[in-house]
Amino acid sequence: MGSVSTPENSPAHVLLTADDTEVPGRDVVSVIGDRTPEDLRQLAVTVAAAAAGHVREARRHIVGPDGRVPVAATKSSDVDPVTAVDRSSEELIRGFLADRAPGDAILGEEDGGVLREDAVTWVVDPIDGTVNFIYGVPASSVSVAATVNGVPVAGADIARHRVFSACVGGPAQVGSESAAGGDVHPRSRILGPVTGPAGLSEALVGTGFSYSSARRAQQAALLVELLPHIRDIRRLGSAALDLCAVAAGALDGFYEHGLGPWDHAAGALIAARAGAQVHMPVLTAGYDDGVGVLAAAASVAGELAGHTVSVRMVDNA
């Protein structure tokens, strides 16, 4: 499932397309056992919905008079915040998965973990778009993905009661989350096939920026080079939602360098199953590797990849 290439001195890249993700590989079948990718998708949706409900309710109780959520700590830099809700959301997700998939591993943004080769690893982001969440900007999500050998098999992203999900062999879809109980309405809309403009000059492209000032300078230089060749740029502040926007046709492409695996594991599969071409590093790669993630309509994917995929962004560049 997915074709792998390894640029010099870079982590392996996986090319995900609808065709590549139509049938689970033997390694996937052997690891997931008597479950199916659809079973994993349904569990991802259930767990993400429970966490999304918790995040909404928790914000309502702790938001300050200025409309912002307090910052509990910072991580990679002074502008990389984490809130108490990030932590409690991940704790809830881990509890659900421990109860419903006790033999599986978990890799989360806040509490870490490892990608196991002999088990399904759930890669989770309790809040993707934490800065937006803090400020009350309505662009953050809960992201949950089931992965095997560093590649997503099923996943769900939930934001503002919209549930994006997909699994290997199944359609990418978006449905409405019930406000009561975290349930998901059974009626969903199939996403795709992704269609794009005739050329890159007509493409609306999303991107994101690092919390490191050194990385931001490199990203700004790349953007300056790219911007004359595209229709316009968008910055939502959540890679998970950017990837879902590509799947839904709201963006023609998205790229970003140095994402954590939890930022793109679910969204990459959702975009691919909707018909986008997705270049992603194997999920063992993280921030320090500075590798690019790209998802785009086929009509512009090659040209956009030429500008972005071969680029690495590291702090000592």
# chains A, B, ... in the order shown; residues from 1 in each chain; ligands from 1

$ residues_around --residues "segment 259-263 of chain A" --least-positions-apart "3" --cutoff "9 Å" --atoms "only C-alpha atoms" --output "PyMOL selection string"
chain A and resi 107-109+123-126+128+143-145+150+210+238-240+256+266-267+281-293

$ select_by_dssp --residues "segment 94-290 of chain A" --states "alpha helix (DSSP H)" --output "ChimeraX atom specification"
/A:94-100,130-135,213-226,239-248,261-273

$ closest_residue --among "A:Ala276, A:Ala250, A:Ala301, A:Ile158" --to "Val55 of chain A" --atoms "only C-alpha atoms"
A:Ile158

$ atom_distance --atom1 "atom CA of Gly53 of chain A" --atom2 "atom CA of Asn132 of chain A"
16.9 Å

$ residues_around --residues "Trp122 of chain A" --least-positions-apart "3" --cutoff "10 Å" --atoms "only C-alpha atoms" --output "JSON list (two decimals) with all heavy atoms, in the first residue's frame"
[["chain", "number", "residue", "atom", "x", "y", "z"],
["A", 40, "LEU", "N", -11.63, -0.05, 12.01],
["A", 40, "LEU", "CA", -10.72, 0.94, 12.58],
["A", 40, "LEU", "C", -11.21, 2.36, 12.32],
["A", 40, "LEU", "O", -11.08, 3.24, 13.17],
["A", 40, "LEU", "CB", -9.32, 0.75, 12.00],
["A", 40, "LEU", "CG", -8.65, -0.61, 12.32],
["A", 40, "LEU", "CD1", -7.34, -0.74, 11.57],
["A", 40, "LEU", "CD2", -8.44, -0.78, 13.82],
["A", 44, "ALA", "N", -12.02, 5.12, 15.11],
["A", 44, "ALA", "CA", -11.40, 6.45, 15.06],
["A", 44, "ALA", "C", -12.46, 7.54, 15.18],
["A", 44, "ALA", "O", -12.27, 8.53, 15.91],
["A", 44, "ALA", "CB", -10.61, 6.61, 13.77],
["A", 93, "ILE", "N", -8.65, 10.21, 25.07],
["A", 93, "ILE", "CA", -8.44, 9.37, 23.89],
["A", 93, "ILE", "C", -7.71, 8.08, 24.27],
["A", 93, "ILE", "O", -8.08, 6.98, 23.87],
["A", 93, "ILE", "CB", -7.65, 10.14, 22.82],
["A", 93, "ILE", "CG1", -8.51, 11.26, 22.23],
["A", 93, "ILE", "CG2", -7.18, 9.21, 21.70],
["A", 93, "ILE", "CD1", -7.74, 12.24, 21.35],
["A", 94, "ARG", "N", -6.66, 8.22, 25.08],
["A", 94, "ARG", "CA", -5.90, 7.05, 25.50],
["A", 94, "ARG", "C", -6.77, 6.09, 26.31],
["A", 94, "ARG", "O", -6.65, 4.87, 26.19],
["A", 94, "ARG", "CB", -4.67, 7.49, 26.30],
["A", 94, "ARG", "CG", -3.57, 8.10, 25.43],
["A", 94, "ARG", "CD", -2.39, 8.59, 26.26],
["A", 94, "ARG", "NE", -1.34, 9.13, 25.41],
["A", 94, "ARG", "CZ", -0.35, 8.42, 24.88],
["A", 94, "ARG", "NH1", -0.25, 7.12, 25.15],
["A", 94, "ARG", "NH2", 0.56, 9.00, 24.11],
["A", 97, "LEU", "N", -9.11, 4.20, 23.87],
["A", 97, "LEU", "CA", -8.40, 3.21, 23.07],
["A", 97, "LEU", "C", -7.92, 2.04, 23.92],
["A", 97, "LEU", "O", -7.93, 0.89, 23.48],
["A", 97, "LEU", "CB", -7.24, 3.86, 22.34],
["A", 97, "LEU", "CG", -7.63, 4.82, 21.22],
["A", 97, "LEU", "CD1", -6.41, 5.56, 20.68],
["A", 97, "LEU", "CD2", -8.33, 4.08, 20.07],
["A", 101, "ALA", "N", -9.40, -1.04, 22.29],
["A", 101, "ALA", "CA", -8.36, -1.68, 21.46],
["A", 101, "ALA", "C", -7.14, -1.93, 22.33],
["A", 101, "ALA", "O", -6.07, -1.35, 22.10],
["A", 101, "ALA", "CB", -8.02, -0.79, 20.27],
["A", 104, "ASP", "N", -3.41, -2.50, 21.06],
["A", 104, "ASP", "CA", -2.81, -1.54, 20.14],
["A", 104, "ASP", "C", -1.89, -0.57, 20.87],
["A", 104, "ASP", "O", -2.01, -0.36, 22.08],
["A", 104, "ASP", "CB", -3.90, -0.75, 19.41],
["A", 104, "ASP", "CG", -4.77, -1.62, 18.51],
["A", 104, "ASP", "OD1", -4.40, -2.78, 18.28],
["A", 104, "ASP", "OD2", -5.82, -1.13, 18.06],
["A", 105, "ALA", "N", -0.97, 0.02, 20.12],
["A", 105, "ALA", "CA", -0.07, 1.05, 20.65],
["A", 105, "ALA", "C", -0.66, 2.43, 20.38],
["A", 105, "ALA", "O", -1.56, 2.59, 19.53],
["A", 105, "ALA", "CB", 1.30, 0.92, 20.00],
["A", 106, "ILE", "N", -0.15, 3.42, 21.10],
["A", 106, "ILE", "CA", -0.62, 4.80, 20.94],
["A", 106, "ILE", "C", 0.59, 5.73, 20.88],
["A", 106, "ILE", "O", 1.51, 5.62, 21.70],
["A", 106, "ILE", "CB", -1.53, 5.22, 22.11],
["A", 106, "ILE", "CG1", -2.74, 4.28, 22.23],
["A", 106, "ILE", "CG2", -2.00, 6.67, 21.91],
["A", 106, "ILE", "CD1", -3.59, 4.54, 23.46],
["A", 107, "LEU", "N", 0.57, 6.63, 19.92],
["A", 107, "LEU", "CA", 1.55, 7.71, 19.80],
["A", 107, "LEU", "C", 0.78, 9.02, 19.81],
["A", 107, "LEU", "O", 0.00, 9.29, 18.89],
["A", 107, "LEU", "CB", 2.36, 7.57, 18.51],
["A", 107, "LEU", "CG", 3.31, 8.73, 18.16],
["A", 107, "LEU", "CD1", 4.39, 8.89, 19.22],
["A", 107, "LEU", "CD2", 3.92, 8.53, 16.78],
["A", 108, "GLY", "N", 0.97, 9.83, 20.83],
["A", 108, "GLY", "CA", 0.24, 11.07, 20.95],
["A", 108, "GLY", "C", 1.16, 12.27, 21.01],
["A", 108, "GLY", "O", 2.32, 12.17, 21.42],
["A", 113, "GLY", "N", 5.01, 8.10, 22.88],
["A", 113, "GLY", "CA", 4.76, 6.71, 22.51],
["A", 113, "GLY", "C", 5.67, 6.33, 21.35],
["A", 113, "GLY", "O", 6.54, 7.10, 20.94],
["A", 114, "VAL", "N", 5.48, 5.13, 20.83],
["A", 114, "VAL", "CA", 6.29, 4.65, 19.72],
["A", 114, "VAL", "C", 5.39, 3.99, 18.68],
["A", 114, "VAL", "O", 4.30, 3.50, 18.98],
["A", 114, "VAL", "CB", 7.36, 3.63, 20.19],
["A", 114, "VAL", "CG1", 8.36, 4.29, 21.11],
["A", 114, "VAL", "CG2", 6.70, 2.43, 20.88],
["A", 115, "LEU", "N", 5.88, 4.00, 17.44],
["A", 115, "LEU", "CA", 5.21, 3.28, 16.36],
["A", 115, "LEU", "C", 5.70, 1.83, 16.40],
["A", 115, "LEU", "O", 6.86, 1.55, 16.11],
["A", 115, "LEU", "CB", 5.54, 3.92, 15.01],
["A", 115, "LEU", "CG", 4.91, 5.28, 14.73],
["A", 115, "LEU", "CD1", 5.64, 5.97, 13.61],
["A", 115, "LEU", "CD2", 3.43, 5.12, 14.37],
["A", 116, "ARG", "N", 4.83, 0.92, 16.74],
["A", 116, "ARG", "CA", 5.20, -0.48, 16.82],
["A", 116, "ARG", "C", 4.99, -1.17, 15.47],
["A", 116, "ARG", "O", 4.02, -0.89, 14.76],
["A", 116, "ARG", "CB", 4.37, -1.20, 17.89],
["A", 116, "ARG", "CG", 4.83, -0.90, 19.30],
["A", 116, "ARG", "CD", 3.93, -1.53, 20.34],
["A", 116, "ARG", "NE", 3.67, -2.94, 20.08],
["A", 116, "ARG", "CZ", 2.79, -3.66, 20.78],
["A", 116, "ARG", "NH1", 2.09, -3.09, 21.75],
["A", 116, "ARG", "NH2", 2.59, -4.93, 20.50],
["A", 119, "ALA", "N", 1.98, -4.15, 15.78],
["A", 119, "ALA", "CA", 0.64, -3.81, 16.26],
["A", 119, "ALA", "C", 0.16, -2.55, 15.56],
["A", 119, "ALA", "O", 0.94, -1.75, 15.05],
["A", 119, "ALA", "CB", 0.66, -3.57, 17.77],
["A", 125, "ASP", "N", -3.77, 13.43, 17.74],
["A", 125, "ASP", "CA", -3.55, 14.84, 18.07],
["A", 125, "ASP", "C", -4.78, 15.31, 18.83],
["A", 125, "ASP", "O", -5.86, 15.45, 18.24],
["A", 125, "ASP", "CB", -3.35, 15.67, 16.80],
["A", 125, "ASP", "CG", -2.75, 17.04, 17.10],
["A", 125, "ASP", "OD1", -2.92, 17.51, 18.25],
["A", 125, "ASP", "OD2", -2.11, 17.62, 16.21],
["A", 144, "VAL", "N", -7.45, 11.50, 14.86],
["A", 144, "VAL", "CA", -7.15, 10.16, 15.34],
["A", 144, "VAL", "C", -6.94, 9.26, 14.12],
["A", 144, "VAL", "O", -7.80, 9.19, 13.24],
["A", 144, "VAL", "CB", -8.31, 9.60, 16.20],
["A", 144, "VAL", "CG1", -8.02, 8.15, 16.62],
["A", 144, "VAL", "CG2", -8.53, 10.47, 17.42],
["A", 145, "ALA", "N", -5.80, 8.57, 14.07],
["A", 145, "ALA", "CA", -5.50, 7.69, 12.93],
["A", 145, "ALA", "C", -4.98, 6.36, 13.42],
["A", 145, "ALA", "O", -4.18, 6.29, 14.36],
["A", 145, "ALA", "CB", -4.48, 8.33, 11.99],
["A", 146, "ALA", "N", -5.42, 5.29, 12.77],
["A", 146, "ALA", "CA", -4.87, 3.96, 12.98],
["A", 146, "ALA", "C", -3.81, 3.73, 11.90],
["A", 146, "ALA", "O", -4.09, 3.90, 10.71],
["A", 146, "ALA", "CB", -5.95, 2.90, 12.89],
["A", 147, "THR", "N", -2.61, 3.34, 12.30],
["A", 147, "THR", "CA", -1.51, 3.19, 11.36],
["A", 147, "THR", "C", -0.87, 1.82, 11.49],
["A", 147, "THR", "O", -0.92, 1.19, 12.56],
["A", 147, "THR", "CB", -0.43, 4.28, 11.57],
["A", 147, "THR", "OG1", 0.32, 3.99, 12.76],
["A", 147, "THR", "CG2", -1.05, 5.66, 11.70],
["A", 148, "VAL", "N", -0.26, 1.38, 10.40],
["A", 148, "VAL", "CA", 0.51, 0.13, 10.39],
["A", 148, "VAL", "C", 1.83, 0.40, 9.68],
["A", 148, "VAL", "O", 1.84, 0.91, 8.55],
["A", 148, "VAL", "CB", -0.26, -1.01, 9.68],
["A", 148, "VAL", "CG1", 0.64, -2.24, 9.53],
["A", 148, "VAL", "CG2", -1.53, -1.37, 10.44],
["A", 152, "PRO", "N", -0.87, 5.42, 7.41],
["A", 152, "PRO", "CA", -2.23, 5.39, 7.92],
["A", 152, "PRO", "C", -3.11, 4.37, 7.21],
["A", 152, "PRO", "O", -3.02, 4.19, 5.99],
["A", 152, "PRO", "CB", -2.74, 6.82, 7.67],
["A", 152, "PRO", "CG", -1.88, 7.34, 6.56],
["A", 152, "PRO", "CD", -0.54, 6.70, 6.74],
["A", 153, "VAL", "N", -3.97, 3.72, 7.98],
["A", 153, "VAL", "CA", -4.92, 2.73, 7.48],
["A", 153, "VAL", "C", -6.35, 3.24, 7.63],
["A", 153, "VAL", "O", -7.23, 2.90, 6.83],
["A", 153, "VAL", "CB", -4.74, 1.40, 8.23],
["A", 153, "VAL", "CG1", -5.79, 0.38, 7.82],
["A", 153, "VAL", "CG2", -3.34, 0.84, 8.01],
["A", 154, "ALA", "N", -6.60, 4.04, 8.65],
["A", 154, "ALA", "CA", -7.93, 4.61, 8.89],
["A", 154, "ALA", "C", -7.74, 5.86, 9.73],
["A", 154, "ALA", "O", -6.75, 6.00, 10.45],
["A", 154, "ALA", "CB", -8.83, 3.62, 9.61],
["A", 155, "GLY", "N", -8.69, 6.78, 9.63],
["A", 155, "GLY", "CA", -8.55, 7.98, 10.43],
["A", 155, "GLY", "C", -9.78, 8.86, 10.41],
["A", 155, "GLY", "O", -10.67, 8.70, 9.57],
["A", 262, "TRP", "N", 1.26, 13.14, 14.11],
["A", 262, "TRP", "CA", -0.13, 13.33, 14.51],
["A", 262, "TRP", "C", -0.80, 14.45, 13.74],
["A", 262, "TRP", "O", -2.02, 14.50, 13.66],
["A", 262, "TRP", "CB", -0.17, 13.64, 16.00],
["A", 262, "TRP", "CG", 0.97, 14.50, 16.44],
["A", 262, "TRP", "CD1", 1.12, 15.86, 16.27],
["A", 262, "TRP", "CD2", 2.18, 14.05, 17.05],
["A", 262, "TRP", "NE1", 2.33, 16.28, 16.74],
["A", 262, "TRP", "CE2", 3.01, 15.20, 17.23],
["A", 262, "TRP", "CE3", 2.64, 12.80, 17.47],
["A", 262, "TRP", "CZ2", 4.28, 15.11, 17.82],
["A", 262, "TRP", "CZ3", 3.89, 12.72, 18.04],
["A", 262, "TRP", "CH2", 4.69, 13.86, 18.22],
["A", 265, "ALA", "N", -1.41, 12.31, 9.93],
["A", 265, "ALA", "CA", -1.67, 10.89, 9.70],
["A", 265, "ALA", "C", -3.09, 10.64, 9.19],
["A", 265, "ALA", "O", -3.29, 9.96, 8.18],
["A", 265, "ALA", "CB", -1.43, 10.09, 10.99],
["A", 266, "ALA", "N", -4.09, 11.18, 9.85],
["A", 266, "ALA", "CA", -5.48, 10.97, 9.43],
["A", 266, "ALA", "C", -5.79, 11.77, 8.17],
["A", 266, "ALA", "O", -6.37, 11.24, 7.21],
["A", 266, "ALA", "CB", -6.44, 11.36, 10.54]]

$ closest_residue --among "A:Pro228, A:Gly175, A:Pro193, A:Pro102" --to "Val45 of chain A" --atoms "only C-alpha atoms"
A:Gly175

$ residues_around --residues "segment 80-92 of chain A" --least-positions-apart "6" --cutoff "6 Å" --atoms "only C-alpha atoms" --output "ChimeraX atom specification"
/A:51,71-74,126-127,211

$ atom_distance --atom1 "atom CA of Gly275 of chain A" --atom2 "atom CA of Ser310 of chain A"
22.2 Å

$ select_by_dssp --residues "segment 102-187 of chain A" --states "strand (DSSP E)" --output "PyMOL selection string"
chain A and resi 105-108+121-128+141-148+151-159+162-167+173-177+184-187

$ closest_residue --among "A:Ala48, A:Ile134, A:Ser77, A:Ala12" --to "Gly64 of chain A" --atoms "only C-alpha atoms"
A:Ile134

$ residues_around --residues "Gly129 of chain A" --least-positions-apart "6" --cutoff "7 Å" --atoms "only C-alpha atoms" --output "list in words"
Ala139, Ser140, Ser141, Gly237 and Ser238 of chain A

$ closest_residue --among "A:Val23, A:Ala98, A:Leu226, A:Met313" --to "Ser213 of chain A" --atoms "only C-alpha atoms"
A:Met313
